[in-house]
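Here is the file final-v2.csv (CSV, C-alpha atoms).
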```csv
chain,number,residue,atom,x,y,z
A,10,MET,CA,-120.0,-45.2,100.1
A,11,ASN,CA,-120.8,-48.3,102.2
A,12,PRO,CA,-124.4,-49.5,102.5
A,13,SER,CA,-126.4,-48.9,105.6
A,14,VAL,CA,-127.4,-52.6,105.9
A,15,THR,CA,-125.4,-55.8,105.6
A,16,ARG,CA,-125.8,-57.7,102.4
A,17,TRP,CA,-125.4,-61.2,103.8
A,18,VAL,CA,-125.2,-63.1,100.6
A,19,PHE,CA,-121.9,-61.5,99.8
A,20,VAL,CA,-120.7,-61.9,103.4
A,21,PHE,CA,-121.4,-65.6,103.3
A,22,PHE,CA,-119.7,-66.0,99.9
A,23,SER,CA,-116.6,-64.3,101.4
A,24,TYR,CA,-116.8,-66.7,104.4
A,25,GLY,CA,-116.9,-69.6,102.0
A,26,CYS,CA,-113.9,-68.3,100.1
A,27,LEU,CA,-111.8,-68.0,103.2
A,28,PHE,CA,-113.0,-71.5,104.4
A,29,ALA,CA,-111.6,-73.0,101.1
A,30,LEU,CA,-108.4,-71.0,101.5
A,31,GLY,CA,-107.9,-72.0,105.1
A,32,PHE,CA,-108.6,-75.6,104.5
A,33,LEU,CA,-106.0,-75.9,101.7
A,34,ASP,CA,-103.6,-73.7,103.5
A,35,ASN,CA,-103.6,-75.8,106.6
A,36,THR,CA,-103.6,-79.2,104.9
A,37,ARG,CA,-100.0,-78.5,104.0
A,38,GLY,CA,-98.7,-78.7,107.6
A,39,PRO,CA,-99.9,-82.3,108.3
A,40,ALA,CA,-98.9,-83.4,104.8
A,41,PHE,CA,-95.4,-81.9,105.1
A,42,PRO,CA,-93.6,-84.8,106.8
A,43,SER,CA,-95.0,-87.3,104.3
A,44,ILE,CA,-94.1,-85.1,101.4
A,45,LEU,CA,-90.5,-84.8,102.7
A,46,ARG,CA,-90.2,-88.6,103.1
A,47,GLU,CA,-91.8,-89.6,99.7
A,48,LEU,CA,-90.0,-87.1,97.6
A,49,GLY,CA,-86.7,-87.4,99.6
A,50,LEU,CA,-86.4,-83.7,100.4
A,51,SER,CA,-84.4,-82.0,103.2
A,52,ASP,CA,-86.1,-79.4,105.4
A,53,SER,CA,-84.6,-76.5,103.5
A,54,ARG,CA,-85.5,-77.9,100.1
A,55,GLY,CA,-89.0,-79.0,101.2
A,56,ALA,CA,-89.6,-75.5,102.6
A,57,TRP,CA,-89.9,-74.3,99.0
A,58,MET,CA,-93.4,-75.8,99.0
A,59,PHE,CA,-94.4,-73.0,101.4
A,60,SER,CA,-92.0,-70.4,100.0
A,61,SER,CA,-93.1,-70.7,96.4
A,62,ALA,CA,-96.7,-70.2,97.4
A,63,SER,CA,-95.7,-67.2,99.5
A,64,ILE,CA,-93.7,-65.6,96.6
A,65,THR,CA,-96.6,-65.9,94.1
A,66,GLY,CA,-99.0,-64.9,96.9
A,67,PHE,CA,-96.9,-61.7,97.4
A,68,ILE,CA,-97.1,-60.8,93.8
A,69,SER,CA,-100.8,-61.5,93.4
A,70,ALA,CA,-101.8,-59.7,96.6
A,71,TYR,CA,-99.8,-56.6,95.6
A,72,ALA,CA,-101.4,-56.7,92.1
A,73,CYS,CA,-104.8,-56.4,93.8
A,74,ARG,CA,-104.1,-52.7,94.3
A,75,TRP,CA,-104.8,-52.4,90.5
A,76,LEU,CA,-107.0,-55.4,89.9
A,77,LEU,CA,-109.7,-54.6,92.5
A,78,PRO,CA,-110.7,-51.2,91.1
A,79,ARG,CA,-110.9,-52.6,87.5
A,80,TRP,CA,-112.4,-56.1,88.1
A,81,GLY,CA,-114.2,-55.8,91.4
A,82,SER,CA,-114.0,-58.1,94.4
A,83,LEU,CA,-116.5,-60.6,93.2
A,84,ARG,CA,-114.6,-61.4,89.9
A,85,ILE,CA,-111.3,-61.5,91.8
A,86,LEU,CA,-112.7,-64.1,94.3
A,87,ARG,CA,-114.0,-66.3,91.5
A,88,LEU,CA,-110.6,-66.3,89.9
A,89,GLY,CA,-109.0,-67.0,93.2
A,90,LEU,CA,-111.2,-70.0,93.8
A,91,THR,CA,-110.4,-71.4,90.4
A,92,LEU,CA,-106.7,-71.1,91.1
A,93,LEU,CA,-107.0,-72.7,94.5
A,94,MET,CA,-108.8,-75.7,92.9
A,95,LEU,CA,-106.1,-76.0,90.2
A,96,GLY,CA,-103.3,-75.6,92.7
A,97,ALA,CA,-104.6,-78.3,95.0
A,98,ALA,CA,-105.0,-80.6,92.1
A,99,GLY,CA,-101.4,-79.8,91.0
A,100,VAL,CA,-100.0,-80.7,94.4
A,101,GLY,CA,-102.1,-83.8,94.4
A,102,THR,CA,-100.6,-85.0,91.1
A,103,ALA,CA,-97.0,-84.0,92.0
A,104,HIS,CA,-94.5,-86.9,92.2
A,105,SER,CA,-91.4,-84.7,91.6
A,106,PHE,CA,-90.1,-81.6,93.3
A,107,THR,CA,-90.6,-79.4,90.2
A,108,TRP,CA,-94.3,-80.3,89.8
A,109,LEU,CA,-94.8,-79.9,93.6
A,110,ILE,CA,-93.5,-76.3,93.3
A,111,ALA,CA,-95.7,-75.6,90.3
A,112,GLY,CA,-98.8,-76.7,92.1
A,113,ALA,CA,-97.8,-74.8,95.3
A,114,SER,CA,-97.2,-71.6,93.2
A,115,CYS,CA,-100.7,-71.8,91.7
A,116,LEU,CA,-102.1,-72.2,95.2
A,117,GLY,CA,-100.1,-69.1,96.2
A,118,ILE,CA,-101.7,-67.0,93.5
A,119,GLY,CA,-105.1,-68.1,94.7
A,120,PHE,CA,-104.1,-67.4,98.4
A,121,GLY,CA,-102.9,-63.9,97.5
A,122,ILE,CA,-105.9,-62.5,95.6
A,123,THR,CA,-108.5,-64.3,97.6
A,124,GLY,CA,-107.0,-63.1,100.9
A,125,VAL,CA,-107.4,-59.5,99.8
A,126,ALA,CA,-110.7,-59.6,97.9
A,127,GLU,CA,-112.7,-61.4,100.5
A,128,HIS,CA,-112.1,-58.6,102.9
A,129,THR,CA,-112.9,-55.8,100.5
A,130,LEU,CA,-116.1,-57.6,99.4
A,131,ILE,CA,-117.4,-57.5,103.0
A,132,GLN,CA,-116.3,-53.9,103.3
A,133,GLU,CA,-118.2,-53.0,100.2
A,134,HIS,CA,-121.4,-54.7,101.4
A,135,SER,CA,-121.7,-53.8,105.1
A,136,PRO,CA,-121.7,-50.7,107.3
A,137,GLU,CA,-118.5,-49.7,109.2
A,138,SER,CA,-120.2,-50.3,112.5
A,139,GLN,CA,-120.4,-54.1,111.7
A,140,TRP,CA,-116.8,-54.6,110.4
A,141,ARG,CA,-115.3,-55.9,113.7
A,142,ARG,CA,-118.0,-58.4,114.0
A,143,LEU,CA,-118.1,-59.5,110.4
A,144,PHE,CA,-114.3,-59.7,110.1
A,145,SER,CA,-114.2,-61.8,113.2
A,146,GLY,CA,-116.8,-64.1,111.7
A,147,LEU,CA,-114.8,-64.2,108.5
A,148,HIS,CA,-111.7,-65.3,110.3
A,149,SER,CA,-113.5,-67.7,112.5
A,150,THR,CA,-114.3,-69.6,109.3
A,151,TYR,CA,-110.5,-69.7,108.7
A,152,GLY,CA,-110.0,-71.0,112.2
A,153,PHE,CA,-112.8,-73.6,111.7
A,154,ALA,CA,-111.2,-74.7,108.4
A,155,SER,CA,-107.8,-74.8,110.1
A,156,LEU,CA,-109.3,-77.1,112.8
A,157,LEU,CA,-111.0,-79.4,110.3
A,158,ALA,CA,-108.1,-79.7,107.9
A,159,PRO,CA,-105.6,-81.6,110.1
A,160,LEU,CA,-108.5,-83.7,111.5
A,161,ALA,CA,-109.8,-84.6,108.1
A,162,TYR,CA,-106.3,-85.3,106.8
A,163,GLN,CA,-105.5,-87.6,109.7
A,164,TRP,CA,-108.9,-89.3,109.4
A,165,LEU,CA,-108.4,-90.1,105.7
A,166,ALA,CA,-104.7,-91.1,106.3
A,167,SER,CA,-106.0,-93.6,108.9
A,168,PHE,CA,-107.9,-95.3,106.1
A,169,GLY,CA,-104.8,-95.6,104.0
A,170,TRP,CA,-105.2,-92.4,101.9
A,171,SER,CA,-101.9,-91.0,100.7
A,172,TRP,CA,-101.1,-87.2,100.9
A,173,ASP,CA,-101.5,-86.8,97.1
A,174,GLN,CA,-104.9,-88.5,97.1
A,175,ILE,CA,-106.1,-86.2,99.9
A,176,PHE,CA,-105.0,-83.1,98.1
A,177,LEU,CA,-107.0,-84.2,95.0
A,178,LEU,CA,-110.1,-84.7,97.1
A,179,PHE,CA,-109.7,-81.4,98.8
A,180,ALA,CA,-109.6,-79.6,95.5
A,181,ALA,CA,-113.3,-80.1,95.4
A,182,ILE,CA,-113.8,-77.6,98.3
A,183,PRO,CA,-113.0,-74.3,96.3
A,184,LEU,CA,-114.9,-75.8,93.4
A,185,SER,CA,-118.0,-76.2,95.6
A,186,VAL,CA,-117.8,-72.6,96.8
A,187,LEU,CA,-117.3,-71.4,93.3
A,188,LEU,CA,-120.5,-73.2,92.2
A,189,ALA,CA,-122.5,-72.0,95.2
A,190,GLY,CA,-121.7,-68.4,94.2
A,191,VAL,CA,-122.7,-68.7,90.5
A,192,GLY,CA,-125.9,-66.6,90.9
A,193,LEU,CA,-124.2,-63.6,92.6
A,194,SER,CA,-123.8,-60.4,90.6
A,195,GLY,CA,-122.7,-56.9,91.5
A,196,GLY,CA,-120.9,-54.0,90.0
A,197,LEU,CA,-117.9,-52.2,91.4
A,198,VAL,CA,-118.4,-50.5,94.7
A,199,ARG,CA,-115.6,-48.1,94.7
A,200,GLY,CA,-116.0,-46.4,98.1
A,201,ALA,CA,-113.7,-48.9,99.8
A,202,LEU,CA,-111.2,-49.2,97.0
A,203,GLU,CA,-110.4,-45.8,95.6
A,204,THR,CA,-107.1,-44.2,96.4
A,205,GLY,CA,-108.5,-41.1,98.0
A,206,ALA,CA,-107.9,-38.7,95.1
A,207,LYS,CA,-111.2,-36.9,96.0
A,208,SER,CA,-110.3,-36.1,99.6
A,209,SER,CA,-108.9,-32.8,100.7
A,210,ALA,CA,-105.3,-32.4,99.7
A,211,PRO,CA,-102.9,-33.2,102.5
A,212,SER,CA,-99.7,-31.4,103.2
A,213,ARG,CA,-96.4,-32.9,102.1
A,214,GLU,CA,-95.6,-33.7,105.7
A,215,GLY,CA,-99.0,-35.3,106.3
A,216,GLN,CA,-98.7,-37.3,103.1
A,217,ASN,CA,-95.3,-38.7,104.0
A,218,ASP,CA,-96.5,-39.6,107.5
A,219,PHE,CA,-99.5,-41.4,106.0
A,220,LYS,CA,-97.2,-43.5,103.8
A,221,TRP,CA,-95.0,-44.4,106.8
A,222,GLN,CA,-98.1,-45.5,108.6
A,223,GLN,CA,-99.0,-47.8,105.8
A,224,LEU,CA,-95.5,-49.3,106.0
A,225,TRP,CA,-95.7,-49.8,109.8
A,226,VAL,CA,-99.1,-51.5,109.5
A,227,SER,CA,-97.8,-53.8,106.8
A,228,LEU,CA,-94.8,-54.7,108.9
A,229,PHE,CA,-97.0,-55.3,111.9
A,230,VAL,CA,-99.2,-57.7,109.8
A,231,ALA,CA,-96.0,-59.4,108.6
A,232,GLY,CA,-94.7,-59.9,112.1
A,233,TYR,CA,-97.9,-61.4,113.3
A,234,LEU,CA,-98.3,-63.7,110.3
A,235,VAL,CA,-94.8,-65.1,110.8
A,236,GLY,CA,-95.7,-65.8,114.4
A,237,GLU,CA,-98.9,-67.6,113.6
A,238,LEU,CA,-97.8,-69.5,110.5
A,239,SER,CA,-94.4,-70.6,111.8
A,240,LEU,CA,-96.4,-72.4,114.5
A,241,GLY,CA,-99.3,-73.6,112.2
A,242,THR,CA,-97.0,-75.0,109.5
A,243,ARG,CA,-94.2,-76.6,111.7
A,244,LEU,CA,-96.0,-77.7,114.9
A,245,VAL,CA,-96.7,-81.3,113.7
A,246,LEU,CA,-93.1,-81.7,112.5
A,247,TYR,CA,-91.7,-80.1,115.7
A,248,LEU,CA,-93.7,-82.3,118.1
A,249,GLN,CA,-92.8,-85.5,116.2
A,250,ARG,CA,-89.1,-84.7,115.8
A,251,GLU,CA,-88.3,-82.8,119.0
A,252,GLN,CA,-90.9,-84.2,121.4
A,253,GLY,CA,-91.2,-87.7,120.1
A,254,LEU,CA,-95.0,-87.6,119.7
A,255,SER,CA,-96.8,-89.9,117.3
A,256,ALA,CA,-98.2,-88.5,114.1
A,257,GLU,CA,-101.7,-88.8,115.5
A,258,LEU,CA,-101.0,-87.0,118.8
A,259,ALA,CA,-99.1,-84.2,116.9
A,260,ALA,CA,-102.0,-83.7,114.6
A,261,ARG,CA,-104.3,-83.5,117.6
A,262,ALA,CA,-102.1,-80.8,119.2
A,263,LEU,CA,-102.3,-78.8,115.9
A,264,ALA,CA,-106.1,-79.3,115.9
A,265,GLY,CA,-106.2,-77.9,119.5
A,266,PHE,CA,-104.3,-74.9,118.4
A,267,PHE,CA,-106.7,-74.3,115.5
A,268,LEU,CA,-109.7,-75.1,117.7
A,269,LEU,CA,-108.8,-72.2,120.1
A,270,LEU,CA,-108.0,-70.0,117.2
A,271,PHE,CA,-111.5,-70.6,115.9
A,272,VAL,CA,-113.3,-70.3,119.2
A,273,SER,CA,-111.7,-67.0,120.1
A,274,ARG,CA,-112.7,-65.5,116.7
A,275,PHE,CA,-116.2,-67.0,116.8
A,276,LEU,CA,-116.8,-65.6,120.3
A,277,LEU,CA,-115.7,-62.2,119.0
A,278,PHE,CA,-118.3,-62.6,116.2
A,279,LEU,CA,-121.1,-63.6,118.6
A,280,ARG,CA,-120.3,-60.9,121.2
A,281,PRO,CA,-118.0,-58.1,119.9
A,282,VAL,CA,-115.8,-56.4,122.5
A,283,THR,CA,-116.8,-52.8,122.6
A,284,ARG,CA,-115.1,-51.6,125.7
A,285,TRP,CA,-111.6,-52.0,124.3
A,286,SER,CA,-110.3,-50.3,121.3
A,287,SER,CA,-108.8,-52.3,118.4
A,288,ARG,CA,-105.3,-51.1,119.5
A,289,SER,CA,-105.8,-52.3,123.1
A,290,ILE,CA,-107.0,-55.7,121.9
A,291,LEU,CA,-104.0,-56.1,119.6
A,292,LEU,CA,-101.5,-55.0,122.2
A,293,PHE,CA,-102.8,-57.6,124.7
A,294,CYS,CA,-103.2,-60.5,122.2
A,295,VAL,CA,-99.8,-60.1,120.5
A,296,SER,CA,-97.8,-59.8,123.8
A,297,SER,CA,-99.6,-62.7,125.5
A,298,SER,CA,-99.3,-65.0,122.4
A,299,MET,CA,-95.6,-64.2,122.3
A,300,VAL,CA,-95.2,-65.4,125.9
A,301,SER,CA,-97.3,-68.5,125.3
A,302,TYR,CA,-95.4,-69.5,122.2
A,303,ALA,CA,-92.1,-69.1,124.1
A,304,LEU,CA,-93.4,-71.3,127.0
A,305,GLY,CA,-94.1,-74.0,124.4
A,306,LEU,CA,-90.5,-73.8,123.2
A,307,TRP,CA,-89.3,-74.0,126.8
A,308,GLY,CA,-91.0,-77.3,127.2
A,309,TRP,CA,-94.6,-76.6,128.2
A,310,HIS,CA,-96.2,-77.8,124.9
A,311,TRP,CA,-99.6,-76.7,126.0
A,312,GLY,CA,-98.3,-73.2,125.4
A,313,PHE,CA,-98.5,-73.9,121.7
A,314,VAL,CA,-102.1,-74.8,122.0
A,315,LEU,CA,-103.0,-71.8,124.2
A,316,SER,CA,-101.4,-69.5,121.6
A,317,GLY,CA,-104.3,-70.3,119.3
A,318,ALA,CA,-106.8,-68.6,121.7
A,319,LEU,CA,-104.5,-65.6,122.1
A,320,MET,CA,-103.7,-65.2,118.4
A,321,GLY,CA,-107.3,-65.6,117.3
A,322,PRO,CA,-108.5,-62.0,117.5
A,323,VAL,CA,-105.4,-60.5,116.0
A,324,PHE,CA,-106.0,-60.7,112.3
A,325,PRO,CA,-109.7,-59.8,112.2
A,326,VAL,CA,-109.2,-56.9,114.5
A,327,THR,CA,-106.2,-55.7,112.4
A,328,VAL,CA,-108.3,-55.8,109.3
A,329,GLU,CA,-111.0,-53.7,111.1
A,330,LEU,CA,-108.3,-51.3,112.2
A,331,ILE,CA,-107.1,-50.9,108.6
A,332,ALA,CA,-110.6,-50.4,107.3
A,333,SER,CA,-111.6,-47.8,109.8
A,334,GLN,CA,-108.2,-46.0,110.0
A,335,PHE,CA,-107.4,-45.6,106.3
A,336,GLY,CA,-111.0,-45.1,105.0
A,337,ARG,CA,-111.2,-45.2,101.3
A,338,GLU,CA,-107.5,-46.1,100.9
A,339,SER,CA,-108.0,-49.2,103.0
A,340,GLY,CA,-108.3,-51.6,100.0
A,341,SER,CA,-104.9,-50.4,98.7
A,342,VAL,CA,-103.4,-50.5,102.2
A,343,LEU,CA,-104.7,-54.1,102.8
A,344,SER,CA,-103.3,-55.2,99.5
A,345,LEU,CA,-99.9,-53.7,100.5
A,346,ALA,CA,-100.1,-55.3,104.0
A,347,MET,CA,-101.0,-58.7,102.6
A,348,SER,CA,-98.2,-58.6,100.0
A,349,VAL,CA,-95.6,-57.5,102.6
A,350,GLY,CA,-96.9,-60.3,104.9
A,351,THR,CA,-96.6,-62.9,102.2
A,352,LEU,CA,-93.1,-61.7,101.4
A,353,ALA,CA,-92.2,-62.1,105.1
A,354,ILE,CA,-93.6,-65.6,105.0
A,355,VAL,CA,-91.3,-66.4,102.1
A,356,LEU,CA,-88.3,-65.3,104.2
A,357,MET,CA,-89.8,-67.2,107.2
A,358,HIS,CA,-90.0,-70.5,105.4
A,359,ASN,CA,-86.6,-70.3,104.0
A,360,SER,CA,-85.1,-69.1,107.3
A,361,LEU,CA,-86.8,-71.9,109.2
A,362,GLY,CA,-85.5,-74.5,106.7
A,363,LEU,CA,-81.9,-73.2,106.9
A,364,LEU,CA,-81.9,-72.7,110.6
A,365,SER,CA,-83.5,-76.1,111.2
A,366,ASP,CA,-80.8,-77.8,109.1
A,367,GLN,CA,-78.0,-75.9,110.9
A,368,PHE,CA,-79.2,-75.6,114.5
A,369,GLY,CA,-82.3,-77.8,114.8
A,370,LEU,CA,-86.0,-77.1,114.6
A,371,GLN,CA,-86.4,-76.0,118.2
A,372,THR,CA,-83.9,-73.2,117.8
A,373,ALA,CA,-85.3,-72.2,114.4
A,374,LEU,CA,-88.8,-71.7,115.8
A,375,TRP,CA,-87.7,-68.9,118.1
A,376,LEU,CA,-88.2,-66.8,115.0
A,377,GLY,CA,-91.9,-66.9,115.8
A,378,PRO,CA,-91.8,-65.2,119.2
A,379,GLY,CA,-89.1,-62.8,117.9
A,380,CYS,CA,-91.4,-61.5,115.1
A,381,LEU,CA,-94.3,-61.2,117.5
A,382,ALA,CA,-92.1,-59.0,119.7
A,383,VAL,CA,-91.3,-56.8,116.7
A,384,ALA,CA,-95.0,-56.6,115.8
A,385,TRP,CA,-95.8,-55.5,119.4
A,386,LEU,CA,-93.1,-52.8,119.3
A,387,LEU,CA,-94.4,-51.5,116.0
A,388,LEU,CA,-97.9,-51.2,117.3
A,389,ALA,CA,-96.9,-49.6,120.6
A,390,VAL,CA,-94.3,-47.2,119.3
A,391,ALA,CA,-94.7,-46.5,115.5
A,392,MET,CA,-98.4,-47.0,114.6
A,393,ARG,CA,-100.4,-43.9,115.3
A,394,PRO,CA,-104.0,-43.9,116.7
A,395,ARG,CA,-106.7,-43.2,114.2
A,396,ASP,CA,-107.5,-39.6,115.1
A,397,ALA,CA,-103.8,-38.6,115.0
A,398,LEU,CA,-103.4,-40.3,111.6
A,399,LEU,CA,-106.5,-38.7,110.1
A,400,ASN,CA,-105.5,-35.2,111.4
A,401,ALA,CA,-102.1,-35.6,109.7
A,402,ARG,CA,-103.6,-36.9,106.5
A,403,HIS,CA,-106.1,-34.1,106.1
A,404,GLN,CA,-104.0,-31.2,107.4
A,405,LYS,CA,-104.2,-28.4,104.9
A,406,ALA,CA,-101.0,-27.3,103.2
```
Encoding of this model in C-alpha cells:
Amino acid sequence: MNPSVTRWVFVFFSYGCLFALGFLDNTRGPAFPSILRELGLSDSRGAWMFSSASITGFISAYACRWLLPRWGSLRILRLGLTLLMLGAAGVGTAHSFTWLIAGASCLGIGFGITGVAEHTLIQEHSPESQWRRLFSGLHSTYGFASLLAPLAYQWLASFGWSWDQIFLLFAAIPLSVLLAGVGLSGGLVRGALETGAKSSAPSREGQNDFKWQQLWVSLFVAGYLVGELSLGTRLVLYLQREQGLSAELAARALAGFFLLLFVSRFLLFLRPVTRWSSRSILLFCVSSSMVSYALGLWGWHWGFVLSGALMGPVFPVTVELIASQFGRESGSVLSLAMSVGTLAIVLMHNSLGLLSDQFGLQTALWLGPGCLAVAWLLLAVAMRPRDALLNARHQKA
C-alpha cells in the first residue's frame, strides 16, 4: 500500500538521482562533435557511443522487473549512481574507440536501472493523488540538468577544457548524490512492485488484453523517447553541419530546447493540470511537438526550441498514467516500457548514423517526427482508458 503522506526525503533523493542521470546523459550531445573529430570516427561508428549505452540500458531496465522486488528501489538507486560515476570516468579516460564504448556501456547500465528505480521510489513513498505533481517535479530536474549540461560544457570548453576532462569532472555529480543519501534507509515497499498475484483472477481474454496494453504503452514510450532524444542528441551537430551555426550558437539552441523542457515540467509541478486527463494532455503534447519538430526541419529552427515546451509534460504524465492505470503491476510495466524504450533508442542511434551517412543528417532526423506520429496513433487508437482496462483486467472468468 502507498503511504497517506509524502516522504520528501526519498522524493528529493530520487530527484537528485535523475539530475545526475540527466546531466551525464545530456553532456554527450555537446561532446559528440569533438569526440568524432579527436577519435576519427564517422557518424555511424560514433553513434555506437549512444547505442552501446542504450543496449546495456535496455538489459538493465528490463532486469529491474526482478531486481526491484528483491533489492528494493533504494539499493538499486545506489548501485545506479555508482555505475554512472564509473561510466563517466570511463568515457573521460577513453582515447580509443573500444574504451569509449566500454565507458558508455557502463553509463548505460546506470541509466537503465536508475531510470526505473527513481520512479518506483517515489511511488512507494507518496500517495497516488500526488503522483502527477511529483513525477512532473522529478522530470523537471531532468530538464534542469539538460539545460545546465550543455551550458556547463560550453563554459568549460571556452576555458580550454577538453571533452575528456569535462567528463571526468562531471563524474563527481553522481558521487555527490550518492554521498548525500548515505543516511537513508528503508525496507521493501511491495505495494507498487508486486505482480498482482493477489488480485482477483482475470479471464483469459482480460489477461491477454492486459498484456497487449502493456505492449502498447511500452511502444508509446519508445516512440516518444525517439522523438525527444533524436533532437536532444543531434541538434548541436545538425545546426553546425546543416545550418552553419557556430558551436556556441548551436549549444545555446540546445540549451533553449532544454530550458523550455524544464520550464513546462516545472510549471506542471507548481500548478498541476487537473481539468485535463492524462490521456488528453498526452494527445495534445505529442501531436503539437511533432508539428514543431517538423517545422524545424523545414527551416524554422525555432521549431526545435519550441518542441522542448511541448515535449516537457509527456514523460512525467506518461509515468503517472502507468502508475495509476496498472496499479500494483506498474513497477513491472514501467520496467518493460523503459527497456523497450531503450531498445528503440539503440535502433534510433544506429538508424540516424546510417541514414546520415547515406542521405544527410537533415533527412535522417525525420525519424523523430515519424516516431512521434506513431506514438500519437498508439495513444489514440490502441491504448485503452483506465476504466476500460481495469474492467477487462478484473473481469471474472
Which of these residues is nearest to Pro183 in chain A, using all atoms listed in the file: A:Ser167, A:Ser61, A:Ser286, A:Thr123?
-> A:Thr123
For CA of Phe28 in chain A and CA of Leu160 in chain A, the interatomic separation in Å (one decimal) = 14.8 Å
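With CA of Phe313 in chain A on one side and CA of Thr351 in chain A on the other, the separation reads 22.5 Å.
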Atomic separation - CA of Trp225 in chain A relative to CA of Phe120 in chain A, Å |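 Computing the Euclidean distance for CA of Phe120 in chain A and CA of Trp225 in chain A yields 22.6 Å.
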Of the listed residues A:Leu228, A:Ala97, A:Val390, A:Ile68, that which approaches Leu33 in chain A most closely, counting only C-alpha atoms =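 Using only C-alpha atoms, the shortest distance to Leu33 in chain A belongs to A:Ala97.
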Please provide the set of residues having any atom within 12 Å of Gly190 in chain A, restricted to all atoms listed in the file, with same-chain residues fewer than 3 positions apart removed, written as number ranges by chain.
-> A: 18-26, 83-84, 86-87, 90, 183-187, 193-195
In terms of the shortest atom-to-atom distance over all atoms listed in the file, which of A:Phe275, A:Phe368, A:Tyr247, A:Tyr71 is closest to Gly124 in chain A?
-> A:Tyr71
Determine the nearest neighbour of Ala303 in chain A from the options A:Ala260, A:Leu381, A:Ala318, A:Leu387, counting all atoms listed in the file.
->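 Answer, going by the shortest atom-to-atom distance: A:Leu381.
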Find, counting all atoms listed in the file, the residue in A:Ser339, A:Gln252, A:Ser171, A:Thr283 that gets nearest to Ser138 in chain A.
->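 When distances to Ser138 in chain A are compared using all atoms listed in the file, the smallest one comes from A:Thr283.
Proximity to Thr15 in chain A was assessed for A:Met58, A:Leu143, A:Cys115, A:Ile64 counting all atoms listed in the file; the smallest distance is recorded for A:Leu143.
Look at Leu277 in chain A: the protein and nucleic acid residues within 9 Å of it, using all atoms listed in the file and passing over chain neighbours fewer than 5 places away, are Arg141, Arg142, Ser145, Gly146, Ser149, Val272, Val282 and Pro322 of chain A.
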Writing out the chosen residues with C-alpha atoms as a compact mmCIF listing (two decimals), in the frame of the given file:
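Output file again-v5.txt follows:
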```
# COMPACT_ATOMS: atom_id res chain seq x y z
CA ARG A 141 -115.30 -55.90 113.70
CA ARG A 142 -118.00 -58.40 114.00
CA SER A 145 -114.20 -61.80 113.20
CA GLY A 146 -116.80 -64.10 111.70
CA SER A 149 -113.50 -67.70 112.50
CA VAL A 272 -113.30 -70.30 119.20
CA VAL A 282 -115.80 -56.40 122.50
CA PRO A 322 -108.50 -62.00 117.50
```
Neighbours of Ala111 in chain A within 8 Å (all atoms listed in the file; same-chain residues fewer than 6 positions away dropped), as a PyMOL selection string?
-> chain A and resi 96+99-100
Selection near Ser227 in chain A, 12 Å with all atoms listed in the file, sequence-local residues under 2 positions removed, as a PyMOL selection string | chain A and resi 71+220-225+229-234+327-328+331+339+341-353+384+387-388+391-392
Contact residues around Ser297 in chain A with only C-alpha atoms at 9 Å, ignoring same-chain residues under 4 positions, as number ranges by chain = A: 292-293, 301-302, 316, 319-320
